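I have placed the structure first, in the form of structure tokens, so that the comments after it can refer back to it.
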Amino acid sequence: MSDELRLPDDLAACEARLAARSPAPTQIDRDQLMYQAGWAACEANQSAMKPSLLSEGKKGQHGSNGGKTIAAWSFASAALAASLAVAVTLHLQRSATSTLTAANNPDAQIASAKNDAIAKPGVPVVRPTAEPAASQNNSAALVAAVASFFSPPAAPPRPNTALFAARAISVDGNSTDAPPFQLTSVNAASDAAPSPPSKTAWQLLDEYLPSAKKPPRESRFFWPWNSASLGETI
Amino acid sequence: MPVDAALIAEMFQRHAPALALYARQWTASADDCVQEALVELARQQAAPDNPPAWLYRVVRNRAMNAARASRRRTAHEQAAAAGRTQSDRSPTDSAAVVDLEDLLSQLEPSAREIVVLRVWGGLAWQEIAEVVGGSKSGAQRHYVQALEQLRNHWEPHSCPTN
């Protein structure tokens, strides 16, 4: 049969008579129907928004910074904080390691600076007597300055100070050459020379490496311990 | 076209009686099926291409499900449901409406739904075929046979009058 059904006249008349009869009206409450339809539409919109918020890379509607975005930012912040803590810890360890390495080096002046800073009566102090090379002088001085920066001036005597002195003494006793360092005993009551005022790392860098590129003094980050005296924070 | 309140109201006003007549072929709770179908239409994110055809399909599925649920009940409840079906007709219904129900009840189920879809639903033949799950030519054939049966039932050589 064709798409458009062609009925005989009698059947077409019967069809027309049928169409003239109206079906029975429903008992459906229109207001209740519209109320339920509105509720259903709201629930459908909310359920459609939830998957969009949780899916990756899916463009959401209003409020697209949903749960997963917040969780990603939290994880990123925590990871950044952890990496900063690890970096600071490693930096401190490297500085302590470099301090120990410089102390074992006879050409270094780190022992003198450290012993001067934490001099103790009766403990032999290693003082440099010979003038090292000019090229090594600056680097050694810089290392000593960094070490003095990290070593508190008023800190209690370190356990390894005697070890440095003992090693220096052993070097002095076993070698026939002129020792690079000459032991002198420090007597605080008699001939203890006043220690030079300690310098900050910035001052030492300006003094020994004036041409070096220095990082900005002011930190970009706000450290809680840098807050104002009144306790003002961000 | 988004699904908004205007569309729901229009579908309710134009097609609710025909939808109920269509569902009454399977179940006595035809109004419930129609209401559920309209609420389901409101849940859609986007309006279907042909909302009336979509509604007839949904009403058909729900009415059939309701019929299957009622058949699982005991024989006593099924008899009571049949009695309620006849009493569902409001006493204020006109005789023409009652006669229409009786008239359509004489048709085969497949032919009856095709007649309702074509005469009061206004669906195209292809849409009718999709709703009933058959072919277009088969739907047309059943329709012609239903008209002939109705014509012969009323009077062998004339059409029924109001």
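Every chain in the structure tokens has a letter given in the order shown (A, B, ...), and although residue numbers restart at 1 in each chain, ligands are simply numbered from 1 in the order shown.
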
Residues of chain B within 8 Å of chain A, using only C-alpha atoms, as JSON, numbers by chain? {"B": [5, 8, 9, 16, 17, 18, 20, 21, 31, 32, 35, 38, 39, 40, 42, 43, 44, 45, 93, 96, 97, 100, 119, 120, 125, 137, 140, 144, 147, 148, 151, 158, 159, 160, 161]}

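Distance check against Leu209 (chain A) using only C-alpha atoms: of A:Met49, A:Leu142, A:Leu80, A:Ala87, the minimum falls on A:Leu142.
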
Work out how far CA of Leu41 (chain B) is from CA of Gly122 (chain B), in Å to one decimal. 18.9 Å

Distance CA of Arg141 (chain B)-CA of Asp49 (chain B), one decimal place? 26.4 Å

Counting only C-alpha atoms, what is within 10 Å of Asn50 (chain B), bar same-chain residues fewer than 4 positions away, as a list in words? Trp54, Leu55, Leu123 and Glu127 of chain B
